[in-house]
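Chemist: Pasting work-v8.txt here (compact mmCIF, C-alpha atoms):
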# COMPACT_ATOMS: atom_id res chain seq x y z
CA MET H 138 -11.78 12.43 -22.44
CA SER H 139 -15.07 13.90 -21.48
CA VAL H 140 -14.93 16.06 -18.34
CA LEU H 141 -18.10 15.21 -16.42
CA LEU H 142 -17.25 17.42 -13.47
CA ALA H 143 -14.61 20.04 -12.73
CA ARG H 144 -14.36 20.67 -9.01
CA VAL H 145 -12.46 22.81 -6.53
CA ASP H 146 -11.77 20.70 -3.45
CA ASP H 147 -8.80 21.24 -1.16
CA ARG H 148 -8.93 17.59 -0.10
CA LEU H 149 -8.54 16.54 -3.77
CA ILE H 150 -9.10 12.75 -3.91
CA HIS H 151 -11.26 11.81 -0.91
CA GLY H 152 -14.50 10.12 0.09
CA GLN H 153 -16.97 12.68 -1.31
CA VAL H 154 -15.25 12.55 -4.69
CA VAL H 155 -14.58 8.83 -4.99
CA VAL H 156 -17.77 7.56 -3.37
CA GLY H 157 -20.18 10.45 -3.95
CA TRP H 158 -19.37 12.05 -7.28
CA ALA H 159 -17.57 9.27 -9.15
CA ARG H 160 -20.39 6.79 -8.54
CA ALA H 161 -23.17 9.25 -9.36
CA LEU H 162 -21.49 10.30 -12.61
CA GLU H 163 -20.04 6.87 -13.46
CA ALA H 164 -16.64 8.48 -13.80
CA ASP H 165 -13.66 6.21 -14.41
CA CYS H 166 -10.80 8.70 -14.21
CA LEU H 167 -9.72 11.34 -11.70
CA VAL H 168 -7.43 14.08 -13.01
CA VAL H 169 -5.68 15.96 -10.21
CA ALA H 170 -4.47 19.29 -11.58
CA ASN H 171 -2.03 20.48 -8.95
CA ASP H 172 1.59 21.65 -9.18
CA ALA H 173 2.48 20.73 -5.58
CA VAL H 174 1.10 17.19 -5.76
CA ALA H 175 2.68 16.65 -9.19
CA ALA H 176 6.06 17.56 -7.65
CA ASP H 177 5.64 15.35 -4.55
CA PRO H 178 6.63 11.69 -5.14
CA MET H 179 4.98 10.60 -1.88
CA GLN H 180 1.56 12.04 -2.81
CA ARG H 181 1.90 10.82 -6.40
CA THR H 182 2.30 7.31 -5.02
CA LEU H 183 -0.29 7.44 -2.26
CA LEU H 184 -3.24 9.31 -3.79
CA PRO H 185 -4.01 6.80 -6.58
CA MET H 186 -3.49 3.83 -4.28
CA ALA H 187 -6.89 3.44 -2.68
CA VAL H 188 -9.32 4.36 -5.44
CA PRO H 189 -11.37 1.45 -6.82
CA PRO H 190 -9.29 -0.69 -9.21
CA GLN H 191 -11.30 0.23 -12.33
CA MET H 192 -10.56 3.93 -11.77
CA LYS H 193 -7.55 5.64 -13.30
CA VAL H 194 -5.80 8.56 -11.58
CA ALA H 195 -3.74 11.12 -13.49
CA ILE H 196 -1.72 13.68 -11.55
CA LEU H 197 -0.72 16.62 -13.74
CA ARG H 198 0.74 20.08 -13.37
CA LEU H 199 -1.83 22.82 -14.09
CA THR H 200 -0.32 23.59 -17.50
CA GLU H 201 -0.19 19.88 -18.38
CA ALA H 202 -3.81 19.46 -17.31
CA ALA H 203 -4.90 22.46 -19.42
CA ASP H 204 -3.13 20.95 -22.40
CA ALA H 205 -4.55 17.45 -21.78
CA VAL H 206 -8.14 18.70 -21.52
CA ALA H 207 -7.82 21.13 -24.44
CA ARG H 208 -6.46 18.34 -26.66
CA GLY H 209 -8.90 15.72 -25.38
CA LEU H 210 -6.18 13.30 -24.27
CA LEU H 211 -7.14 10.13 -22.36
CA PRO H 212 -9.61 9.07 -25.09
CA GLY H 213 -12.87 7.54 -23.90
CA LYS H 214 -12.25 8.39 -20.25
CA ARG H 215 -15.08 9.81 -18.13
CA VAL H 216 -13.17 12.35 -16.09
CA ILE H 217 -13.55 14.26 -12.84
CA LEU H 218 -11.09 17.16 -12.91
CA LEU H 219 -9.90 18.30 -9.47
CA PHE H 220 -8.35 21.60 -8.42
CA ALA H 221 -7.23 22.45 -4.88
CA SER H 222 -8.18 26.13 -5.14
CA LEU H 223 -9.94 28.79 -7.20
CA PRO H 224 -6.63 30.48 -8.14
CA ASP H 225 -5.46 27.10 -9.50
CA ALA H 226 -8.62 26.82 -11.61
CA ALA H 227 -8.00 30.37 -12.91
CA GLN H 228 -4.41 29.40 -13.76
CA PHE H 229 -5.76 26.36 -15.65
CA VAL H 230 -7.99 28.61 -17.76
CA ARG H 231 -5.14 31.12 -18.33
CA SER H 232 -3.07 28.17 -19.58
CA GLY H 233 -5.71 27.41 -22.22
CA GLY H 234 -7.77 24.83 -20.33
CA PRO H 235 -11.47 24.86 -21.27
CA LEU H 236 -13.75 25.21 -18.24
CA LYS H 237 -17.48 25.69 -18.86
CA ASP H 238 -18.72 24.75 -15.38
CA LEU H 239 -16.87 24.67 -12.07
CA ASN H 240 -18.21 22.96 -8.97
CA ILE H 241 -17.08 24.51 -5.68
CA GLY H 242 -16.78 21.63 -3.22
CA GLY H 243 -14.42 22.33 -0.36
CA ILE H 244 -12.29 25.39 0.37
CA ARG H 245 -11.66 25.25 4.08
CA LEU H 246 -11.13 28.16 6.41
CA ALA H 247 -7.61 29.60 6.51
CA PRO H 248 -6.28 32.97 7.74
CA GLY H 249 -7.73 35.76 5.59
CA ARG H 250 -10.73 33.71 4.47
CA GLN H 251 -14.38 34.33 5.38
CA VAL H 252 -16.83 31.45 5.81
CA LEU H 253 -19.44 31.37 3.05
CA ARG H 254 -21.02 27.96 3.52
CA THR H 255 -20.13 24.72 5.31
CA ALA H 256 -16.64 23.79 4.09
CA VAL H 257 -16.42 26.83 1.83
CA ALA H 258 -14.49 29.92 2.92
CA LEU H 259 -13.08 32.51 0.55
CA GLY H 260 -10.27 35.07 0.81
CA PRO H 261 -9.60 38.02 -1.48
CA GLU H 262 -7.48 35.94 -3.90
CA ASP H 263 -10.27 33.32 -4.12
CA VAL H 264 -12.88 36.01 -4.85
CA ALA H 265 -10.61 37.56 -7.48
CA ALA H 266 -10.09 34.16 -9.13
CA ALA H 267 -13.85 33.48 -9.07
CA ARG H 268 -14.53 36.81 -10.80
CA GLU H 269 -11.78 36.16 -13.34
CA LEU H 270 -13.23 32.73 -14.13
CA SER H 271 -16.75 34.11 -14.39
CA ALA H 272 -15.56 36.86 -16.75
CA ALA H 273 -13.88 34.15 -18.86
CA GLY H 274 -17.22 32.35 -19.20
CA THR H 275 -17.06 29.70 -16.45
CA ALA H 276 -20.28 29.09 -14.49
CA LEU H 277 -19.44 28.59 -10.80
CA THR H 278 -21.77 26.72 -8.45
CA LEU H 279 -21.53 25.51 -4.85
CA ARG H 280 -22.35 21.86 -4.28
CA MET H 281 -20.59 19.48 -1.88
CA VAL H 282 -22.25 16.22 -2.91
CA PRO H 283 -24.47 15.11 -5.82
CA GLY H 284 -27.63 14.97 -3.68
CA GLU H 285 -27.54 18.71 -2.97
CA ALA H 286 -29.00 21.39 -5.20
CA PRO H 287 -26.35 23.53 -6.89
CA GLU H 288 -26.18 27.17 -5.76
CA PRO H 289 -24.65 29.85 -8.01
CA LEU H 290 -21.53 31.34 -6.40
CA LEU H 291 -21.46 34.81 -7.92
CA PRO H 292 -24.44 36.32 -6.04
CA LEU H 293 -22.78 35.28 -2.76
CA LEU H 294 -19.52 37.12 -3.40
CA PRO H 295 -18.80 40.41 -1.64
CA PRO H 296 -19.26 43.45 -3.91
CA PRO H 297 -16.13 44.34 -5.91
CA GLU H 298 -13.77 46.86 -4.33
CA PRO H 299 -14.31 50.35 -5.76
CA ALA H 300 -11.64 51.08 -8.33
CA MET W 57 -0.34 -3.29 24.41
CA THR W 58 -0.42 -2.06 20.83
CA PRO W 59 -1.69 1.54 20.65
CA LEU W 60 -4.86 2.00 18.64
CA LEU W 61 -5.78 5.15 16.71
CA ILE W 62 -9.18 5.42 15.01
CA LEU W 63 -9.68 8.07 12.28
CA THR W 64 -13.09 8.64 10.72
CA HIS W 65 -15.34 11.04 8.83
CA GLY W 66 -17.29 12.64 11.67
CA GLU W 67 -17.91 11.06 15.08
CA PHE W 68 -18.39 7.50 13.78
CA GLY W 69 -15.07 6.34 15.30
CA SER W 70 -15.49 7.84 18.76
CA VAL W 71 -19.06 6.51 19.02
CA LEU W 72 -17.91 3.08 17.80
CA LEU W 73 -15.12 3.06 20.39
CA LYS W 74 -17.70 3.86 23.10
CA SER W 75 -19.91 0.99 21.89
CA ALA W 76 -16.92 -1.36 21.91
CA GLU W 77 -15.94 -0.18 25.41
CA ALA W 78 -19.47 -1.03 26.57
CA MET W 79 -18.69 -4.64 25.63
CA TYR W 80 -14.99 -4.78 26.41
CA GLY W 81 -14.50 -2.28 29.22
CA PRO W 82 -12.64 1.04 29.20
CA GLN W 83 -9.60 1.15 26.93
CA SER W 84 -6.27 2.81 27.58
CA GLY W 85 -3.90 3.54 24.73
CA ALA W 86 -6.78 3.99 22.30
CA ALA W 87 -8.04 7.23 20.76
CA ALA W 88 -10.56 8.24 18.10
CA LEU W 89 -10.33 11.44 16.05
CA ALA W 90 -13.23 12.85 14.01
CA LEU W 91 -12.49 14.72 10.79
CA GLY W 92 -14.92 17.65 10.72
CA PRO W 93 -16.56 18.81 7.48
CA ASP W 94 -14.89 22.22 7.85
CA GLU W 95 -11.47 20.87 8.81
CA THR W 96 -8.50 21.13 6.47
CA ARG W 97 -6.36 18.10 5.75
CA GLU W 98 -3.43 19.98 7.29
CA ASP W 99 -5.26 20.72 10.56
CA PHE W 100 -6.36 17.10 10.82
CA ALA W 101 -2.79 15.95 10.17
CA VAL W 102 -1.58 18.07 13.10
CA ARG W 103 -4.11 16.40 15.41
CA VAL W 104 -3.15 12.95 14.12
CA ALA W 105 0.55 13.65 14.76
CA LYS W 106 -0.25 14.79 18.31
CA ALA W 107 -2.35 11.70 19.02
CA ARG W 108 0.36 9.40 17.65
CA ALA W 109 2.95 11.08 19.89
CA GLU W 110 0.70 10.60 22.93
CA LEU W 111 -0.19 6.98 22.12
CA GLY W 112 3.31 5.83 21.20
CA GLU W 113 4.50 3.74 18.28
CA PRO W 114 4.14 1.49 16.42
CA ALA W 115 0.36 1.89 16.44
CA LEU W 116 -2.47 0.24 14.57
CA VAL W 117 -4.48 2.92 12.75
CA LEU W 118 -8.06 2.00 11.84
CA VAL W 119 -9.83 4.23 9.30
CA ASP W 120 -13.37 4.08 7.94
CA LEU W 121 -12.75 4.32 4.21
CA ALA W 122 -9.76 3.67 1.96
CA CYS W 123 -9.11 6.76 -0.20
CA GLY W 124 -10.90 9.12 2.21
CA THR W 125 -9.14 12.02 3.90
CA PRO W 126 -8.46 10.14 7.19
CA TRP W 127 -6.77 7.43 5.09
CA ASN W 128 -4.80 9.97 3.05
CA VAL W 129 -3.64 11.77 6.19
CA ALA W 130 -2.59 8.52 7.89
CA LEU W 131 -0.54 7.42 4.88
CA LEU W 132 1.07 10.79 4.26
CA ALA W 133 2.04 10.87 7.96
CA GLY W 134 3.85 7.55 7.54
CA CYS W 135 1.51 5.54 9.78
CA ALA W 136 1.77 2.55 7.42
CA ALA W 137 5.57 2.67 7.51
CA ASP W 138 5.98 2.82 11.32
CA GLY W 139 2.87 0.82 12.18
CA GLU W 140 -0.11 -0.43 10.23
CA VAL W 141 -3.16 1.21 8.64
CA LEU W 142 -6.37 -0.73 7.99
CA ALA W 143 -9.45 0.66 6.22
CA GLY W 144 -12.95 -0.78 6.64
CA LEU W 145 -13.51 -0.12 10.33
CA SER W 146 -16.47 -1.99 11.81
CA LEU W 147 -17.65 -2.98 15.28
CA PRO W 148 -16.70 -6.68 14.97
CA LEU W 149 -13.22 -5.78 13.70
CA LEU W 150 -12.75 -3.22 16.45
CA LEU W 151 -13.80 -5.81 19.05
CA GLU W 152 -11.28 -8.28 17.59
CA ALA W 153 -8.60 -5.58 17.70
CA LEU W 154 -9.31 -4.79 21.33
CA GLY W 155 -9.15 -8.47 22.22
CA LEU W 156 -5.91 -9.13 20.35
CA ARG W 157 -3.88 -6.00 20.94
CA PRO W 158 -2.56 -6.96 24.41
CA ASN W 159 -0.71 -9.87 22.82
CA LEU W 160 0.12 -8.81 19.26
CA GLY W 161 2.29 -6.08 17.80
CA ALA W 162 0.87 -3.73 15.17
CA ARG W 163 1.98 -5.84 12.22
CA GLU W 164 0.76 -9.18 13.59
CA LEU W 165 -2.46 -7.53 14.71
CA ALA W 166 -3.11 -6.10 11.24
CA LEU W 167 -2.43 -9.45 9.57
CA GLU W 168 -4.78 -11.23 11.96
CA LEU W 169 -7.56 -8.64 11.48
CA ALA W 170 -7.19 -8.88 7.70
CA ARG W 171 -7.57 -12.66 8.01
CA LEU W 172 -10.66 -12.33 10.22
CA ALA W 173 -12.37 -9.55 8.22
CA PRO W 174 -14.38 -11.73 5.78
CA GLN W 175 -15.84 -13.72 8.70
CA THR W 176 -17.19 -10.53 10.30
CA PHE W 177 -19.46 -9.86 7.33
CA VAL W 178 -22.25 -12.40 7.56
CA ARG W 179 -25.35 -12.98 5.43
CA ALA W 180 -27.94 -14.46 7.76
CA SER W 181 -29.97 -16.36 5.14
CA ALA W 182 -26.85 -18.19 3.94
CA LEU W 183 -26.06 -19.13 7.52
CA LEU W 184 -29.62 -20.40 8.09
CA ALA W 185 -29.58 -22.39 4.86
CA SER W 186 -26.29 -24.04 5.82
CA GLY W 187 -27.85 -25.25 9.08
CA GLU W 188 -24.68 -24.30 10.95
CA GLY W 189 -24.65 -22.01 13.95
CA GLY W 190 -22.31 -19.10 13.50
CA CYS W 191 -22.99 -16.51 16.13
CA ALA W 192 -20.74 -16.46 19.15
Would you give me this structure, written as structure tokens?

Modeler:
Amino acid sequence: MSVLLARVDDRLIHGQVVVGWARALEADCLVVANDAVAADPMQRTLLPMAVPPQMKVAILRLTEAADAVARGLLPGKRVILLFASLPDAAQFVRSGGPLKDLNIGGIRLAPGRQVLRTAVALGPEDVAAARELSAAGTALTLRMVPGEAPEPLLPLLPPPEPA
Amino acid sequence: MTPLLILTHGEFGSVLLKSAEAMYGPQSGAAALALGPDETREDFAVRVAKARAELGEPALVLVDLACGTPWNVALLAGCAADGEVLAGLSLPLLLEALGLRPNLGARELALELARLAPQTFVRASALLASGEGGCA
């Protein structure tokens, strides 16, 4: 596979991804890297159902996804790799998954999170995961849809807590 | 009267329902929910569950886009098991739904709308070339 886009989006497979990103990048495969979805038969059945017929959907646990990307499984596929959260993306990298660039799409407001941009709110664990990913060599940028300019995430993060 | 629940990205659905009401008159047992750009899937699912409880079952759920979040939420909530879910919401289909729902249950209504859908998408030049009138 070639990973055209790795994205954090808590809605996983949805309109922006299928219509916006997949068309712009001519992707033909969505890889959902998510332990909860991989363990949920209902979501495993429903999520792939409505994507265009030429598009393949793979739903993998984070460790399985790391292995699949590292080994280049799904030969010839043009892949969009989806994570539900920054800590999940960090777990993917800890499990040996290569991640050069990470697009931050949607991380909606939840208790403990601060709004950063439209549809992006971060809590302490998200900030920690972003710093961990950055330290591991991943470039993180904010960008909801292909038509927007990417914005680097790191300068927007709160300063690290004093040790 | 089959309850009607419209789920869309942004206010498309509520505005469309208003446009349809301008042609068909005020509707009871119909609601439109807008998924906001900042809204989580979970929060939207809570609002969908509340609307379904208020409208009653089995309902016809109309969504804008198959595979979008409104679609995902409707399916994960079991709307297609209790009632019916149709994607590809448009004004002509909504008008057909409003006209048919007093007399058809959710399943029959969905089947009839699926049958009518191709006729609601009309290329004018083909119609003119055929020499047949088509507009009601």

Chemist: Dump as a list in words the residues of chain H that approach chain W to within 6 Å, counting only C-alpha atoms.

Modeler: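 Here is what falls inside 6 Å: His151, Gly152, Ala187, Val188, Arg245 and Ala256 of chain H.
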
Chemist: Rank H:Val230, H:Leu291, H:Met138, H:Met281 by their smallest atom-to-atom distance to Gly243 (chain H), using all atoms listed in the file, and report the top residue only.

Modeler: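 Answer, going by the shortest atom-to-atom distance: H:Met281.
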
Chemist: If you count all atoms listed in the file, which residues fall within 7 Å of region 263-271 of chain H, apart from same-chain ones fewer than 4 positions away, as JSON, numbers by chain?

Modeler: {"H": [223, 224, 227, 259, 275, 276, 294]}

Chemist: Do you know which residues lie at most 12 Å from (0.7, 9.9, 22.5), with coordinates as in the file and all atoms listed in the file counted, and could you write them as a VMD selection string?

Modeler: chain W and resid 59 to 61 84 to 87 103 to 115

Chemist: May I ask which of the residues H:Pro212, H:Pro287, H:Pro261, H:Pro185 is the closest one to Ala247 (chain H), counting all atoms listed in the file?

Modeler: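 Closest to Ala247 (chain H), using all atoms listed in the file: H:Pro261.
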
Chemist: Record the distance separating CA of Gln251 (chain H) and CA of Ile217 (chain H), expressed in Å with one decimal.

Modeler: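 Interatomic distance, CA of Gln251 (chain H) to CA of Ile217 (chain H): 27.1 Å.
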
Chemist: So how far away is CA of Arg215 (chain H) from CA of Gly233 (chain H), in Å?

Modeler: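 Between CA of Gly233 (chain H) and CA of Arg215 (chain H) the gap is 20.4 Å.
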
Chemist: Hey, can you check how far CA of Asp165 (chain H) sits from CA of Lys214 (chain H)?

Modeler: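 It comes out at 6.4 Å.
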
Chemist: Neighbours of Leu277 (chain H) within 7 Å (all atoms listed in the file; same-chain residues fewer than 5 positions away dropped), as a list in words?

Modeler: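 Neighbouring residues, sequence-local ones excluded: Asp238, Leu239, Asn240, Ile241, Pro289 and Leu290 of chain H.
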
Chemist: Restricting the calculation to only C-alpha atoms, which member of W:Leu116, W:Val129, W:Ala90, W:Leu142 is positioned closest to Val102 (chain W)?

Modeler: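 Using only C-alpha atoms, the shortest distance to Val102 (chain W) belongs to W:Val129.
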
Chemist: Quick one: everything within 8 Å of Val216 (chain H), counting all atoms listed in the file, minus sequence neighbours fewer than 5 positions away in the same chain. Send it as an mmCIF file with C-alpha atoms, in the coordinates of the input.

Modeler:
data_model
loop_
_atom_site.group_PDB
_atom_site.id
_atom_site.type_symbol
_atom_site.label_atom_id
_atom_site.label_comp_id
_atom_site.auth_asym_id
_atom_site.auth_seq_id
_atom_site.Cartn_x
_atom_site.Cartn_y
_atom_site.Cartn_z
ATOM 1 C CA MET H 138 -11.780 12.430 -22.440
ATOM 2 C CA SER H 139 -15.070 13.900 -21.480
ATOM 3 C CA VAL H 140 -14.930 16.060 -18.340
ATOM 4 C CA LEU H 141 -18.100 15.210 -16.420
ATOM 5 C CA LEU H 142 -17.250 17.420 -13.470
ATOM 6 C CA ALA H 164 -16.640 8.480 -13.800
ATOM 7 C CA ASP H 165 -13.660 6.210 -14.410
ATOM 8 C CA CYS H 166 -10.800 8.700 -14.210
ATOM 9 C CA LEU H 167 -9.720 11.340 -11.700
ATOM 10 C CA VAL H 168 -7.430 14.080 -13.010
#
